[in-house]
Amino acid sequence: MLVLGIETSCDETGVAVYDRDRGLLAHALHSQIALHDPYGGVVPELASRDHIRRLLPLIREVLDQAGAGVSDLDGVAFTQGPGLAGALLVGAAVASSLAFGLSIPAIGVHHLEGHLLSPLLERNPPSFPFVALLVSGGHTQLMRVSGVGEYEMLGETLDDAAGEAFDKTGKLLGLGYPGGAALARLAERGAGDRFRFPRPMLEQLERSGDLNFSFSGLKTAVVTLTHRKTPDEQTRSDIAAGFQEAVADVLVAKSLAALGRTGLNRLVVAGGVGANSRLRELLDVAATRGNFSVFYPALEFCTDNGAMIALAGSLRLASGKVGAPSRTFTVRPRWSLANAANE
């Protein structure tokens, strides 16, 4: 069963070919960082136009790498949402047109479902059920995952996502786009204990077991500190390290609480912030002490990519949760993963 995966939800064009028996056969990714860098963030119209330019050449590239032709495909998976409406429409239109022409299913995949299933691409994949920590630029969520399409929300962010807070704090420190990755690099040269930033909502966790997140107050603490006096280079590094330490402490504490509440001993970490080395270090230490297993996707599959969409599409196709080929398609810029699981 050969599935082509297409990811165009934001500022990366990802394409991959996945086979149910042989695994991931080929994948390619084009990043738009250089395109959006002069503007300090993603410009939706530019993102959509770049997806149009890049998508068909990338499809040809991965099919060649996989030694397959379009006639060999059994399905075409695409990111249906959430994301930028125009960017999503590019992938949906190409995927649906190709699928209709070949009389095969077009499989709309929830972007976050792709992320939380991405560790299944690894040689030592987790088995169901498990707790998933999804941490990206747009989402911070804890979920109980019982199987493909079986997701229970345990906690989510009430304001800024962890990745969004990283990016905004990086911008406050005068770092380039994307600010989160630059902040993590700067933190490597800093002392994480010089500035004690707040650990948002940990008190609520201790009092009531609340598994939700909030990072806007942490960002405000950085604003207050940097507005007092323009920091020198070492101070900037120490602020970055202290901020990163605070975010990681919250994510680890909430993840451990989620494992305790569900009685599970497997934790999956996915999304762009899942590539953060300090977060991985703290989780690995906690796993050793707490006698649970933690699973990560490869670093190249932490950010948006076509491989996770092809995998999710293949699993949905194998489960029979896919409709017949259709001439119509929709995208869902705002789409709850809990709602997607019930459809």
# chains A, B, ... in the order shown; residues from 1 in each chain; ligands from 1
>>> select_by_dssp(residues="segment 3-132 of chain A", states="strand (DSSP E or B)", output="NGL selection string")
:A and (3-7 or 12-19 or 23-31 or 75-81 or 106-110 or 130-132)
>>> residues_around(residues="Arg60 of chain A", least_positions_apart="5", cutoff="12 Å", atoms="only C-alpha atoms", output="compact mmCIF listing (two decimals) with all heavy atoms, in the first residue's frame")
# COMPACT_ATOMS: atom_id res chain seq x y z
N LEU A 4 1.23 8.70 -0.95
CA LEU A 4 1.94 9.96 -1.10
C LEU A 4 1.42 10.92 -0.05
O LEU A 4 0.22 11.08 0.11
CB LEU A 4 1.71 10.53 -2.49
CG LEU A 4 2.33 11.90 -2.81
CD1 LEU A 4 3.84 11.79 -2.92
CD2 LEU A 4 1.73 12.48 -4.09
N VAL A 15 6.91 16.61 1.22
CA VAL A 15 6.32 15.53 0.41
C VAL A 15 7.05 14.24 0.76
O VAL A 15 8.27 14.24 1.00
CB VAL A 15 6.46 15.82 -1.10
CG1 VAL A 15 5.83 14.69 -1.92
CG2 VAL A 15 5.84 17.15 -1.46
N ALA A 16 6.33 13.13 0.81
CA ALA A 16 6.94 11.84 1.14
C ALA A 16 6.14 10.71 0.52
O ALA A 16 4.96 10.86 0.19
CB ALA A 16 7.03 11.66 2.65
N VAL A 17 6.80 9.57 0.38
CA VAL A 17 6.15 8.33 -0.07
C VAL A 17 6.36 7.28 1.02
O VAL A 17 7.50 7.01 1.43
CB VAL A 17 6.73 7.84 -1.40
CG1 VAL A 17 6.11 6.49 -1.78
CG2 VAL A 17 6.47 8.85 -2.50
N ALA A 26 10.84 7.60 0.68
CA ALA A 26 11.50 8.84 0.25
C ALA A 26 10.75 10.03 0.85
O ALA A 26 9.54 9.96 1.08
CB ALA A 26 11.50 8.95 -1.28
N HIS A 27 11.49 11.10 1.09
CA HIS A 27 10.85 12.33 1.55
C HIS A 27 11.72 13.52 1.18
O HIS A 27 12.94 13.40 1.00
CB HIS A 27 10.61 12.30 3.06
CG HIS A 27 11.86 12.35 3.89
ND1 HIS A 27 12.35 13.52 4.43
CD2 HIS A 27 12.72 11.37 4.28
CE1 HIS A 27 13.45 13.26 5.10
NE2 HIS A 27 13.71 11.97 5.03
N ALA A 28 11.09 14.68 1.03
CA ALA A 28 11.81 15.91 0.70
C ALA A 28 11.07 17.07 1.35
O ALA A 28 9.85 17.03 1.55
CB ALA A 28 11.87 16.12 -0.82
N ARG A 54 6.75 25.08 -5.45
CA ARG A 54 7.61 23.97 -5.00
C ARG A 54 6.95 22.60 -5.06
O ARG A 54 7.65 21.58 -5.17
CB ARG A 54 8.05 24.22 -3.54
CG ARG A 54 8.67 25.57 -3.28
CD ARG A 54 10.04 25.69 -3.89
NE ARG A 54 10.61 27.03 -3.62
CZ ARG A 54 11.83 27.39 -3.99
NH1 ARG A 54 12.60 26.54 -4.64
NH2 ARG A 54 12.28 28.61 -3.72
N LEU A 55 5.63 22.53 -4.95
CA LEU A 55 4.98 21.25 -4.68
C LEU A 55 5.15 20.21 -5.78
O LEU A 55 5.58 19.08 -5.52
CB LEU A 55 3.49 21.48 -4.38
CG LEU A 55 2.72 20.27 -3.87
CD1 LEU A 55 3.43 19.61 -2.71
CD2 LEU A 55 1.30 20.69 -3.46
N GLN A 65 12.81 9.09 -6.25
CA GLN A 65 13.62 8.49 -5.19
C GLN A 65 13.04 7.16 -4.74
O GLN A 65 13.79 6.22 -4.42
CB GLN A 65 13.72 9.44 -3.99
CG GLN A 65 14.56 10.69 -4.22
CD GLN A 65 14.57 11.59 -3.00
OE1 GLN A 65 14.01 11.26 -1.94
NE2 GLN A 65 15.19 12.74 -3.13
N ALA A 66 11.72 7.08 -4.71
CA ALA A 66 11.05 5.86 -4.27
C ALA A 66 10.97 4.80 -5.36
O ALA A 66 10.57 3.66 -5.10
CB ALA A 66 9.65 6.18 -3.78
N GLY A 67 11.36 5.17 -6.58
CA GLY A 67 11.27 4.24 -7.69
C GLY A 67 9.83 3.91 -8.04
O GLY A 67 9.51 2.77 -8.40
N ALA A 68 8.96 4.90 -7.93
CA ALA A 68 7.54 4.67 -8.17
C ALA A 68 6.98 5.73 -9.11
O ALA A 68 7.57 6.80 -9.28
CB ALA A 68 6.76 4.71 -6.85
N GLY A 69 5.87 5.41 -9.72
CA GLY A 69 5.15 6.35 -10.55
C GLY A 69 3.81 6.66 -9.93
O GLY A 69 3.38 5.98 -8.98
N VAL A 70 3.12 7.66 -10.44
CA VAL A 70 1.84 8.02 -9.86
C VAL A 70 0.84 6.87 -9.97
O VAL A 70 -0.04 6.71 -9.11
CB VAL A 70 1.25 9.29 -10.52
CG1 VAL A 70 2.08 10.51 -10.16
CG2 VAL A 70 1.14 9.12 -12.02
>>> select_by_dssp(residues="segment 148-306 of chain A", states="helix (DSSP H, G or I)", output="VMD selection string")
chain A and resid 162 to 172 179 to 187 202 to 208 216 to 228 233 to 262 272 to 275 277 to 290 299 to 301 306
>>> residues_around(residues="Pro129 of chain A", least_positions_apart="6", cutoff="10 Å", atoms="only C-alpha atoms", output="list in words")
Arg144, Val145, Ser146, Gly147, Val148, Glu150, Tyr151, Thr262, Leu264, Asn265, Arg266 and Leu267 of chain A
>>> write_last_selection(atoms="N, CA and C atoms", output="mmCIF file, in the first residue's frame")
data_model
loop_
_atom_site.group_PDB
_atom_site.id
_atom_site.type_symbol
_atom_site.label_atom_id
_atom_site.label_comp_id
_atom_site.auth_asym_id
_atom_site.auth_seq_id
_atom_site.Cartn_x
_atom_site.Cartn_y
_atom_site.Cartn_z
ATOM 1 N N ARG A 144 -4.166 11.570 25.641
ATOM 2 C CA ARG A 144 -4.092 10.117 25.769
ATOM 3 C C ARG A 144 -4.425 9.533 24.400
ATOM 4 N N VAL A 145 -3.510 8.757 23.855
ATOM 5 C CA VAL A 145 -3.676 8.184 22.520
ATOM 6 C C VAL A 145 -3.882 6.682 22.660
ATOM 7 N N SER A 146 -5.098 6.231 22.373
ATOM 8 C CA SER A 146 -5.419 4.807 22.493
ATOM 9 C C SER A 146 -5.225 4.056 21.186
ATOM 10 N N GLY A 147 -5.214 4.785 20.063
ATOM 11 C CA GLY A 147 -5.046 4.189 18.742
ATOM 12 C C GLY A 147 -5.195 5.282 17.704
ATOM 13 N N VAL A 148 -5.113 4.909 16.444
ATOM 14 C CA VAL A 148 -5.281 5.883 15.366
ATOM 15 C C VAL A 148 -6.706 6.428 15.401
ATOM 16 N N GLU A 150 -8.093 7.792 18.016
ATOM 17 C CA GLU A 150 -8.642 7.679 19.371
ATOM 18 C C GLU A 150 -7.820 8.556 20.314
ATOM 19 N N TYR A 151 -8.268 9.809 20.482
ATOM 20 C CA TYR A 151 -7.500 10.806 21.221
ATOM 21 C C TYR A 151 -8.366 11.454 22.299
ATOM 22 N N THR A 262 -3.146 8.770 33.965
ATOM 23 C CA THR A 262 -3.624 7.722 33.048
ATOM 24 C C THR A 262 -3.131 6.334 33.417
ATOM 25 N N LEU A 264 -0.302 5.157 32.485
ATOM 26 C CA LEU A 264 0.490 4.667 31.368
ATOM 27 C C LEU A 264 1.978 4.880 31.624
ATOM 28 N N ASN A 265 2.800 4.127 30.918
ATOM 29 C CA ASN A 265 4.256 4.246 31.114
ATOM 30 C C ASN A 265 4.990 4.529 29.807
ATOM 31 N N ARG A 266 4.266 5.088 28.823
ATOM 32 C CA ARG A 266 4.886 5.485 27.556
ATOM 33 C C ARG A 266 4.499 6.925 27.246
ATOM 34 N N LEU A 267 5.522 7.734 26.959
ATOM 35 C CA LEU A 267 5.312 9.135 26.624
ATOM 36 C C LEU A 267 5.905 9.414 25.254
#
>>> closest_residue(among="A:Asn276, A:His227, A:Pro82, A:Val62", to="Thr303 of chain A", atoms="only C-alpha atoms")
A:Asn276
>>> atom_distance(atom1="atom CA of Ala34 of chain A", atom2="atom CA of Asp232 of chain A")
27.3 Å
>>> closest_residue(among="A:Gly138, A:Pro198, A:Gly179, A:Gly155", to="Arg334 of chain A", atoms="only C-alpha atoms")
A:Gly138
>>> residues_around(residues="Gln80 of chain A", least_positions_apart="4", cutoff="6 Å", atoms="only C-alpha atoms", output="list in words")
Gly108, Val109, His110, Val331 and Arg332 of chain A
>>> residues_around(residues="segment 92-106 of chain A", least_positions_apart="6", cutoff="8 Å", atoms="only C-alpha atoms", output="list in words")
Ile6, Ser71, Leu73, Asp74, Gly75, Val76, Ala77, Phe78, Thr79, Gln80, Val322, Gly323, Ala324, Pro325, Ser326, Arg327, Thr328, Phe329, Thr330 and Val331 of chain A
>>> residues_around(residues="Ala248 of chain A", least_positions_apart="2", cutoff="12 Å", atoms="only C-alpha atoms", output="PyMOL selection string")
chain A and resi 135+162-163+166+184+192+197-200+213+215+241-246+250-255+273-283+286
>>> residues_around(residues="Gly271 of chain A", least_positions_apart="3", cutoff="9 Å", atoms="only C-alpha atoms", output="list of chain:residue names")
A:Leu112, A:His115, A:Leu116, A:Leu133, A:Leu134, A:Val135, A:Ser136, A:Gly137, A:His139, A:Thr140, A:Gly274, A:Ala275, A:Pro297, A:Phe301, A:Cys302, A:Thr303, A:Asp304
>>> write_last_selection(atoms="N, CA and C atoms", output="mmCIF file, in the first residue's frame")
data_model
loop_
_atom_site.group_PDB
_atom_site.id
_atom_site.type_symbol
_atom_site.label_atom_id
_atom_site.label_comp_id
_atom_site.auth_asym_id
_atom_site.auth_seq_id
_atom_site.Cartn_x
_atom_site.Cartn_y
_atom_site.Cartn_z
ATOM 1 N N LEU A 112 -1.908 17.828 13.584
ATOM 2 C CA LEU A 112 -1.405 17.364 14.875
ATOM 3 C C LEU A 112 -1.404 15.842 14.969
ATOM 4 N N HIS A 115 1.836 14.792 13.648
ATOM 5 C CA HIS A 115 2.909 14.974 14.623
ATOM 6 C C HIS A 115 2.906 13.881 15.687
ATOM 7 N N LEU A 116 1.740 13.599 16.268
ATOM 8 C CA LEU A 116 1.744 12.662 17.398
ATOM 9 C C LEU A 116 1.997 11.217 16.961
ATOM 10 N N LEU A 133 2.777 14.368 24.250
ATOM 11 C CA LEU A 133 3.006 15.778 24.493
ATOM 12 C C LEU A 133 3.299 16.428 23.151
ATOM 13 N N LEU A 134 2.375 17.249 22.675
ATOM 14 C CA LEU A 134 2.534 17.951 21.405
ATOM 15 C C LEU A 134 2.962 19.379 21.700
ATOM 16 N N VAL A 135 4.165 19.737 21.277
ATOM 17 C CA VAL A 135 4.688 21.074 21.568
ATOM 18 C C VAL A 135 5.233 21.683 20.284
ATOM 19 N N SER A 136 4.563 22.720 19.811
ATOM 20 C CA SER A 136 4.961 23.346 18.554
ATOM 21 C C SER A 136 4.735 24.846 18.649
ATOM 22 N N GLY A 137 4.900 25.535 17.512
ATOM 23 C CA GLY A 137 4.686 26.965 17.486
ATOM 24 C C GLY A 137 3.244 27.370 17.697
ATOM 25 N N HIS A 139 0.741 24.972 19.062
ATOM 26 C CA HIS A 139 -0.015 24.097 19.950
ATOM 27 C C HIS A 139 0.863 23.579 21.090
ATOM 28 N N THR A 140 0.267 23.458 22.258
ATOM 29 C CA THR A 140 0.862 22.731 23.374
ATOM 30 C C THR A 140 -0.273 21.935 24.004
ATOM 31 N N GLY A 274 9.756 19.693 20.447
ATOM 32 C CA GLY A 274 10.244 18.370 20.833
ATOM 33 C C GLY A 274 11.689 18.124 20.431
ATOM 34 N N ALA A 275 12.219 18.975 19.561
ATOM 35 C CA ALA A 275 13.621 18.863 19.173
ATOM 36 C C ALA A 275 14.542 19.559 20.164
ATOM 37 N N PRO A 297 10.399 11.537 17.712
ATOM 38 C CA PRO A 297 10.712 11.363 16.290
ATOM 39 C C PRO A 297 12.141 11.823 16.032
ATOM 40 N N PHE A 301 12.040 15.066 11.668
ATOM 41 C CA PHE A 301 10.591 14.899 11.632
ATOM 42 C C PHE A 301 9.887 15.587 12.796
ATOM 43 N N CYS A 302 10.620 16.406 13.557
ATOM 44 C CA CYS A 302 9.980 17.193 14.619
ATOM 45 C C CYS A 302 9.223 18.372 14.032
ATOM 46 N N THR A 303 9.831 19.040 13.076
ATOM 47 C CA THR A 303 9.141 20.144 12.412
ATOM 48 C C THR A 303 8.189 19.574 11.353
ATOM 49 N N ASP A 304 7.418 20.448 10.708
ATOM 50 C CA ASP A 304 6.442 19.998 9.719
ATOM 51 C C ASP A 304 7.138 19.236 8.594
#
>>> closest_residue(among="A:Arg189, A:Arg196, A:Arg123, A:Lys219", to="Ala298 of chain A", atoms="only C-alpha atoms")
A:Arg123
>>> atom_distance(atom1="atom CA of Thr169 of chain A", atom2="atom CA of Val222 of chain A")
7.1 Å
>>> closest_residue(among="A:Met143, A:Thr8, A:Ala87, A:Lys321", to="Leu46 of chain A", atoms="only C-alpha atoms")
A:Ala87
>>> atom_distance(atom1="atom CA of Leu218 of chain A", atom2="atom CA of Gly174 of chain A")
17.3 Å
